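A.B. asks: Next up, start_16.txt (compact mmCIF, C-alpha atoms).
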# COMPACT_ATOMS: atom_id res chain seq x y z
CA MET N 1 8.99 4.86 40.62
CA ASP N 2 11.07 5.59 43.70
CA GLU N 3 14.09 3.90 42.12
CA VAL N 4 13.65 5.80 38.86
CA GLU N 5 13.39 9.12 40.68
CA LYS N 6 16.39 8.46 42.91
CA MET N 7 18.64 7.32 40.05
CA THR N 8 17.54 10.12 37.73
CA LYS N 9 18.34 12.80 40.27
CA GLU N 10 21.68 11.17 41.11
CA HIS N 11 22.55 10.95 37.41
CA TYR N 12 21.83 14.65 36.88
CA LYS N 13 23.95 15.62 39.87
CA ARG N 14 26.85 13.37 38.85
CA VAL N 15 26.90 13.82 35.06
CA ARG N 16 24.85 16.75 33.84
CA GLU N 17 24.74 19.48 36.48
CA GLN N 18 28.13 21.05 35.78
CA ARG N 19 27.50 21.11 32.03
CA PHE N 20 24.15 22.78 32.57
CA LEU N 21 25.56 25.41 34.93
CA GLU N 22 28.14 26.38 32.32
CA PHE N 23 25.40 26.72 29.67
CA ALA N 24 23.15 28.67 32.06
CA SER N 25 25.89 31.08 33.05
CA LYS N 26 26.65 31.92 29.40
CA THR N 27 22.94 32.30 28.57
CA LEU N 28 22.32 34.79 31.35
CA GLN N 29 25.47 36.74 30.51
CA ASP N 30 24.29 37.11 26.91
CA GLY N 31 21.09 38.81 28.11
CA ASP N 32 17.45 38.93 27.02
CA LYS N 33 17.91 38.19 23.32
CA ALA N 34 19.94 35.02 23.88
CA ALA N 35 17.41 33.66 26.38
CA GLU N 36 14.35 34.40 24.26
CA ASN N 37 14.31 31.11 22.32
CA LEU N 38 15.98 28.83 24.88
CA ASP N 39 14.53 26.52 27.52
CA TRP N 40 15.90 26.21 31.05
CA GLU N 41 16.20 22.43 31.00
CA SER N 42 18.80 19.68 30.85
CA THR N 43 17.61 16.66 28.86
CA PHE N 44 18.53 13.34 27.33
CA PHE N 45 16.42 10.98 25.24
CA VAL N 46 15.97 7.21 25.37
CA ARG N 47 14.37 5.29 22.49
CA HIS N 48 12.51 2.07 23.42
CA LEU N 49 10.72 1.20 20.15
CA PRO N 50 11.14 0.25 17.38
CA GLU N 51 14.84 -0.25 18.24
CA PRO N 52 16.06 0.50 21.79
CA ASN N 53 19.17 2.64 22.20
CA ILE N 54 19.58 2.75 25.98
CA ALA N 55 22.73 0.61 25.77
CA GLU N 56 24.35 3.29 23.59
CA ILE N 57 23.68 6.28 25.87
CA PRO N 58 26.91 7.24 27.65
CA ASP N 59 27.22 7.86 31.39
CA LEU N 60 24.33 5.61 32.45
CA ASP N 61 25.28 2.89 34.89
CA ASP N 62 23.95 -0.65 34.41
CA GLU N 63 21.46 -0.46 37.29
CA TYR N 64 19.95 2.76 35.94
CA ARG N 65 19.59 1.15 32.51
CA ARG N 66 17.87 -1.89 34.07
CA VAL N 67 15.42 0.21 36.07
CA MET N 68 14.60 2.47 33.12
CA LYS N 69 13.91 -0.53 30.85
CA GLN N 70 11.55 -2.02 33.44
CA PHE N 71 9.82 1.34 33.92
CA ALA N 72 9.39 1.82 30.15
CA ALA N 73 7.87 -1.65 29.76
CA GLU N 74 5.25 -0.82 32.40
CA LEU N 75 4.47 2.52 30.73
CA GLU N 76 4.10 0.88 27.32
CA ARG N 77 1.43 -1.43 28.73
CA LEU N 78 -0.27 1.50 30.46
CA ALA N 79 -0.34 3.53 27.23
CA GLU N 80 -2.04 0.68 25.36
CA ARG N 81 -4.63 0.22 28.14
CA LEU N 82 -5.39 3.94 28.05
CA LEU N 83 -5.74 3.91 24.26
CA ASP N 84 -8.32 1.12 24.57
CA LEU N 85 -10.22 3.19 27.15
CA LEU N 86 -10.27 6.08 24.69
CA CYS N 87 -11.67 3.68 22.06
CA GLU N 88 -14.40 2.60 24.45
CA ASN N 89 -15.31 6.19 25.21
CA LEU N 90 -15.39 7.11 21.50
CA GLY N 91 -17.37 4.05 20.43
CA LEU N 92 -14.47 2.69 18.39
CA GLU N 93 -13.56 -0.98 18.13
CA LYS N 94 -11.14 -2.08 20.87
CA GLY N 95 -7.56 -1.88 19.58
CA TYR N 96 -8.35 0.64 16.82
CA LEU N 97 -5.98 3.31 18.15
CA THR N 98 -3.08 0.96 18.85
CA ARG N 99 -3.42 -0.52 15.34
CA ALA N 100 -3.53 2.98 13.83
CA PHE N 101 -0.14 3.67 15.44
CA ARG N 102 1.69 0.57 14.21
CA GLY N 103 2.62 1.30 10.59
CA SER N 104 3.96 -1.30 8.16
CA LYS N 105 6.13 -3.15 10.72
CA GLY N 106 3.45 -3.43 13.40
CA VAL N 107 5.40 -1.43 16.00
CA PRO N 108 4.78 2.11 17.31
CA THR N 109 7.46 4.65 18.17
CA PHE N 110 8.07 4.85 21.92
CA GLY N 111 10.66 6.90 23.75
CA THR N 112 11.38 8.86 26.91
CA LYS N 113 12.66 12.38 27.47
CA VAL N 114 14.41 12.70 30.84
CA SER N 115 14.59 16.33 31.96
CA SER N 116 15.83 18.36 34.88
CA TYR N 117 14.76 21.96 35.48
CA PRO N 118 17.34 23.40 37.88
CA PRO N 119 16.78 26.55 39.95
CA CYS N 120 16.70 29.62 37.71
CA PRO N 121 17.98 32.97 39.01
CA ARG N 122 15.99 34.84 36.34
CA PRO N 123 12.59 33.12 35.84
CA ASP N 124 11.37 36.44 34.44
CA LEU N 125 13.87 36.08 31.60
CA VAL N 126 13.89 32.37 30.70
CA LYS N 127 11.07 29.84 30.33
CA GLY N 128 11.54 26.35 31.75
CA LEU N 129 9.95 25.03 28.53
CA ARG N 130 8.06 27.22 26.08
CA ALA N 131 4.35 26.61 25.43
CA HIS N 132 3.59 23.88 22.87
CA THR N 133 1.41 20.89 22.11
CA ASP N 134 3.07 17.49 21.77
CA ALA N 135 3.30 16.10 18.26
CA GLY N 136 2.56 12.47 19.00
CA GLY N 137 -0.02 10.22 20.58
CA ILE N 138 -0.28 9.60 24.31
CA ILE N 139 2.24 11.06 26.73
CA LEU N 140 2.83 9.64 30.22
CA LEU N 141 4.63 12.04 32.55
CA PHE N 142 6.31 11.06 35.80
CA GLN N 143 7.13 14.39 37.39
CA ASP N 144 8.77 15.66 40.53
CA ASP N 145 6.60 15.33 43.65
CA ARG N 146 7.97 18.49 45.29
CA VAL N 147 8.90 21.10 42.69
CA GLY N 148 6.10 22.39 40.45
CA GLY N 149 6.16 24.44 37.28
CA LEU N 150 4.04 22.48 34.78
CA GLN N 151 1.01 24.39 33.51
CA LEU N 152 -1.68 23.66 30.92
CA LEU N 153 -4.00 26.05 29.12
CA LYS N 154 -7.68 25.54 29.94
CA ASP N 155 -10.43 27.95 28.92
CA GLY N 156 -7.85 30.63 28.18
CA GLU N 157 -6.18 30.40 31.61
CA TRP N 158 -2.88 28.78 32.61
CA VAL N 159 -3.61 26.15 35.26
CA ASP N 160 -0.95 24.59 37.52
CA VAL N 161 -0.50 20.81 37.45
CA PRO N 162 0.53 20.22 41.07
CA PRO N 163 3.34 17.84 42.03
CA THR N 164 1.75 14.60 43.26
CA ARG N 165 3.68 11.64 44.64
CA HIS N 166 3.57 8.32 42.75
CA SER N 167 1.39 9.63 39.94
CA ILE N 168 1.49 9.65 36.15
CA VAL N 169 0.13 12.71 34.33
CA VAL N 170 -1.58 11.74 31.06
CA ASN N 171 -1.37 14.14 28.13
CA LEU N 172 -2.62 13.81 24.56
CA GLY N 173 -0.78 14.89 21.41
CA ASP N 174 -1.67 16.14 17.94
CA GLN N 175 -2.05 12.66 16.40
CA LEU N 176 -4.90 11.72 18.72
CA GLU N 177 -6.63 15.01 17.92
CA VAL N 178 -6.51 14.08 14.23
CA ILE N 179 -7.54 10.42 14.62
CA THR N 180 -10.45 11.36 16.90
CA ASN N 181 -11.41 14.19 14.51
CA GLY N 182 -11.14 16.72 17.31
CA ARG N 183 -13.15 14.80 19.90
CA TYR N 184 -9.96 14.83 21.96
CA LYS N 185 -7.68 17.88 21.74
CA SER N 186 -3.93 18.00 22.13
CA VAL N 187 -3.11 20.08 25.20
CA LEU N 188 -1.10 23.30 25.15
CA HIS N 189 1.31 23.22 28.07
CA ARG N 190 4.51 24.82 29.36
CA VAL N 191 6.98 24.67 32.22
CA VAL N 192 7.58 27.83 34.25
CA ALA N 193 11.14 28.15 35.52
CA GLN N 194 11.39 28.13 39.32
CA ALA N 195 13.78 30.13 41.50
CA ASP N 196 14.11 27.24 43.97
CA GLY N 197 14.34 23.47 43.61
CA ASN N 198 15.39 21.13 40.79
CA ARG N 199 12.30 19.72 39.05
CA MET N 200 12.51 16.22 37.59
CA SER N 201 10.42 15.35 34.53
CA ILE N 202 10.32 11.95 32.80
CA ALA N 203 7.98 12.09 29.81
CA SER N 204 7.34 8.90 27.83
CA PHE N 205 5.86 9.33 24.34
CA TYR N 206 3.81 6.51 22.79
CA ASN N 207 3.67 7.70 19.18
CA PRO N 208 2.79 6.31 15.75
CA ALA N 209 5.37 4.48 13.66
CA SER N 210 7.22 6.80 11.31
CA ASP N 211 5.37 5.40 8.25
CA ALA N 212 1.93 5.20 9.88
CA VAL N 213 -0.74 7.05 7.93
CA ILE N 214 -2.76 9.23 10.28
CA PHE N 215 -6.32 10.28 9.46
CA PRO N 216 -9.66 10.67 11.26
CA ALA N 217 -11.32 7.39 12.18
CA PRO N 218 -14.07 6.94 9.55
CA ALA N 219 -16.82 6.56 12.16
CA LEU N 220 -15.85 9.88 13.74
CA ALA N 221 -15.13 11.69 10.46
CA GLU N 222 -18.55 10.88 9.01
CA ALA N 223 -20.33 12.31 12.04
CA ALA N 224 -18.38 15.58 12.01
CA GLY N 225 -17.61 16.11 8.35
CA GLY N 226 -13.93 15.09 8.23
CA ALA N 227 -12.36 18.27 9.57
CA TYR N 228 -8.78 16.97 9.89
CA PRO N 229 -6.17 16.00 7.26
CA ARG N 230 -4.51 12.74 6.28
CA PHE N 231 -0.70 12.45 6.39
CA VAL N 232 2.27 10.21 7.17
CA PHE N 233 3.50 10.70 10.74
CA GLU N 234 7.13 11.17 9.65
CA ASP N 235 6.06 14.02 7.36
CA TYR N 236 4.20 15.65 10.22
CA MET N 237 7.27 15.43 12.44
CA LYS N 238 9.44 17.15 9.83
CA LEU N 239 7.04 20.10 9.94
CA TYR N 240 6.64 19.97 13.72
CA VAL N 241 10.34 20.26 14.56
CA ARG N 242 10.45 23.59 12.70
CA HIS N 243 7.24 24.95 14.24
CA LYS N 244 6.97 23.23 17.65
CA PHE N 245 6.44 26.45 19.61
CA GLU N 246 3.80 27.83 17.25
CA ASP N 247 0.06 27.16 17.00
CA LYS N 248 -0.89 23.66 15.87
CA GLU N 249 -3.72 24.74 13.55
CA PRO N 250 -1.41 25.97 10.74
CA ARG N 251 0.31 22.56 10.80
CA PHE N 252 -3.02 20.83 10.22
CA GLU N 253 -3.95 23.35 7.53
CA ALA N 254 -0.65 22.76 5.72
CA PHE N 255 -1.49 19.07 5.28
CA LYS N 256 -5.06 19.80 4.30
CA SER N 257 -3.75 21.93 1.45
CA MET N 258 -1.53 19.07 0.29
CA GLY N 259 -4.57 16.84 -0.01
CA SER N 260 -3.65 13.20 -0.41
CA GLN N 261 -0.16 13.87 -1.78
CA THR N 262 1.82 12.49 1.17
CA SER N 263 4.98 10.47 0.66
CA ASN N 264 4.50 6.71 0.19
CA PRO N 265 1.20 6.34 2.06
CA ILE N 266 0.78 2.99 3.75
CA ALA N 267 -2.69 2.01 4.99
CA THR N 268 -2.72 1.08 8.67
CA ALA N 269 -6.36 1.29 9.69
Reformat the file's structure so that it appears as structure tokens.
C.D. replies:
Amino acid sequence: MDEVEKMTKEHYKRVREQRFLEFASKTLQDGDKAAENLDWESTFFVRHLPEPNIAEIPDLDDEYRRVMKQFAAELERLAERLLDLLCENLGLEKGYLTRAFRGSKGVPTFGTKVSSYPPCPRPDLVKGLRAHTDAGGIILLFQDDRVGGLQLLKDGEWVDVPPTRHSIVVNLGDQLEVITNGRYKSVLHRVVAQADGNRMSIASFYNPASDAVIFPAPALAEAAGGAYPRFVFEDYMKLYVRHKFEDKEPRFEAFKSMGSQTSNPIATA
């Protein structure tokens, strides 16, 4: 974790900082309207599964690639252990959730979003990252141990998630809410831009395969009346990218109204 943090911060300073400062300067010059639907973050994405792309990402040195691959392998194992703990808590058969994620090829989708949230001279004007729930399954966040800003909504109040050294913050996405029929909820969260400090955020998303069919586990649906829809994860993502920063309930309702007419359903669980 120390190596990942050191190399990530060095990479931002060396490769991404100047680009971000140019973007930030233009955004602030354009005023309130331009900043309204933008996030004060510099990001790049790494795909680990089903096909890794870290070798194709420019500007990463070989040592950084090696460390990130090792880190991702550890997080993949952690995600699967956590999913089995959720199964135990829900009374589901061990492995049910990991199998539900695997689709026709037996492999989930797994990737990492590497973000930096530099100091913002106008935190009143620009959000670090606007409020949203995550679309996928289980999210493992390695965040800065000095600079805060992450908040989650609990009982109608925004609660700070404090920076903690050598820790992984676990978050749940929309797919687990559906599969557990609402027993677990996806968490609304945001990042508040900070006037001081550059916050590091490395979020790894263990998600269903693109063709995985997502639906409430039968044991949980029978007990609660089957409140959530059935859909193909790829179809959900197409809707999500257009409505990420809106309430999740209309996304679920949209698939309920479609009934069983999803594209090429493939049974996975």
A.B. asks: Closest to Pro218 (chain N) among N:Glu157, N:Glu63, N:Glu80, N:Glu93, using all atoms listed in the file?
C.D. replies: N:Glu93
A.B. asks: Here is a test: counting only C-alpha atoms, which residue of N:Leu38, N:Met258, N:Ala193, N:Met200 is nearest to His11 (chain N)?
C.D. replies: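 Selected residue with least distance to His11 (chain N): N:Met200.
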A.B. asks: Using all atoms listed in the file, which residues sit within 8 Å of Val178 (chain N) once same-chain residues fewer than 6 positions away are excluded, as a list in words?
C.D. replies: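 Selected residues are Ile214, Phe215, Pro216, Tyr228 and Pro229 of chain N.
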A.B. asks: Using all atoms listed in the file and a cutoff of 10 Å, can you tell me which residues are near (3.8, 24.0, 24.3) in the file's coordinates, and write them out as a list of chain:residue names?
C.D. replies: N:Leu129, N:Arg130, N:Ala131, N:His132, N:Thr133, N:Asp134, N:Ala135, N:Gln151, N:Leu152, N:Leu153, N:Val187, N:Leu188, N:His189, N:Arg190, N:Val191, N:Lys244, N:Phe245, N:Glu246, N:Asp247, N:Lys248
A.B. asks: CA of His48 (chain N) and CA of Val192 (chain N), how far apart in Å?
C.D. replies: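 Taking CA of Val192 (chain N) and CA of His48 (chain N), their separation equals 28.4 Å.
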A.B. asks: Put a box with edges along x, y and z around all the listed atoms of region 204-218 of chain N, pad it by 4 Å on each side, then give me its centre and sizes in Å, one decimal, as lines of an AutoDock Vina configuration file.
C.D. replies:
center_x = -3.4
center_y = 7.6
center_z = 17.9
size_x = 29.4
size_y = 14.2
size_z = 27.9
A.B. asks: Could you give me, as a ChimeraX atom specification, the residues within 7 Å of Ser115 (chain N), counting only C-alpha atoms and dropping anything in the same chain fewer than 3 positions from it?
C.D. replies: /N:41-44,200-202
A.B. asks: Can you spit out the residues from that selection as a tab-separated table (two decimals), in the frame of the given file, using C-alpha atoms?
C.D. replies:
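Here's the written file again.tsv:
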chain	number	residue	atom	x	y	z
N	41	GLU	CA	16.20	22.43	31.00
N	42	SER	CA	18.80	19.68	30.85
N	43	THR	CA	17.61	16.66	28.86
N	44	PHE	CA	18.53	13.34	27.33
N	200	MET	CA	12.51	16.22	37.59
N	201	SER	CA	10.42	15.35	34.53
N	202	ILE	CA	10.32	11.95	32.80
A.B. asks: Could you list, as JSON, numbers by chain, every residue within 8 Å of Arg102 (chain N), counting all atoms listed in the file and ignoring same-chain residues fewer than 4 positions away?
C.D. replies: {"N": [98, 106, 107, 108, 208, 209, 212, 268]}
A.B. asks: Rounded to one decimal place, report the CA of Val169 (chain N)-CA of Gly111 (chain N) distance in Å.
C.D. replies: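 It comes out at 16.0 Å.
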A.B. asks: Could you give me, as a PyMOL selection string, the residues within 10 Å of Arg251 (chain N), counting all atoms listed in the file and dropping anything in the same chain fewer than 6 positions from it?
C.D. replies: chain N and resi 174+229+236+239-240+243-244
A.B. asks: Considering only C-alpha atoms, tabulate each residue of region 84-186 of chain N that lies at most 12 Å from region 18-27 of chain N along with its nearest interatomic pair and the corresponding distance in Å to one decimal; arrange the rows by chain and ascending residue number and present them as JSON lines.
C.D. replies:
{"residue": "N:Ser115", "atom": "CA", "partner": "N:Phe20", "partner_atom": "CA", "distance": 11.5}
{"residue": "N:Ser116", "atom": "CA", "partner": "N:Phe20", "partner_atom": "CA", "distance": 9.7}
{"residue": "N:Tyr117", "atom": "CA", "partner": "N:Phe20", "partner_atom": "CA", "distance": 9.9}
{"residue": "N:Pro118", "atom": "CA", "partner": "N:Phe20", "partner_atom": "CA", "distance": 8.7}
{"residue": "N:Pro119", "atom": "CA", "partner": "N:Leu21", "partner_atom": "CA", "distance": 10.2}
{"residue": "N:Cys120", "atom": "CA", "partner": "N:Ala24", "partner_atom": "CA", "distance": 8.6}
{"residue": "N:Pro121", "atom": "CA", "partner": "N:Ala24", "partner_atom": "CA", "distance": 9.7}
{"residue": "N:Arg122", "atom": "CA", "partner": "N:Ala24", "partner_atom": "CA", "distance": 10.4}
{"residue": "N:Leu125", "atom": "CA", "partner": "N:Thr27", "partner_atom": "CA", "distance": 10.3}
{"residue": "N:Val126", "atom": "CA", "partner": "N:Thr27", "partner_atom": "CA", "distance": 9.3}
{"residue": "N:Gly128", "atom": "CA", "partner": "N:Ala24", "partner_atom": "CA", "distance": 11.8}
A.B. asks: The selected residues should be written to file as a compact mmCIF listing (two decimals), keeping the file's coordinate frame (atoms: C-alpha atoms).
C.D. replies:
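Final output, selection12.txt:
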# COMPACT_ATOMS: atom_id res chain seq x y z
CA SER N 115 14.59 16.33 31.96
CA SER N 116 15.83 18.36 34.88
CA TYR N 117 14.76 21.96 35.48
CA PRO N 118 17.34 23.40 37.88
CA PRO N 119 16.78 26.55 39.95
CA CYS N 120 16.70 29.62 37.71
CA PRO N 121 17.98 32.97 39.01
CA ARG N 122 15.99 34.84 36.34
CA LEU N 125 13.87 36.08 31.60
CA VAL N 126 13.89 32.37 30.70
CA GLY N 128 11.54 26.35 31.75
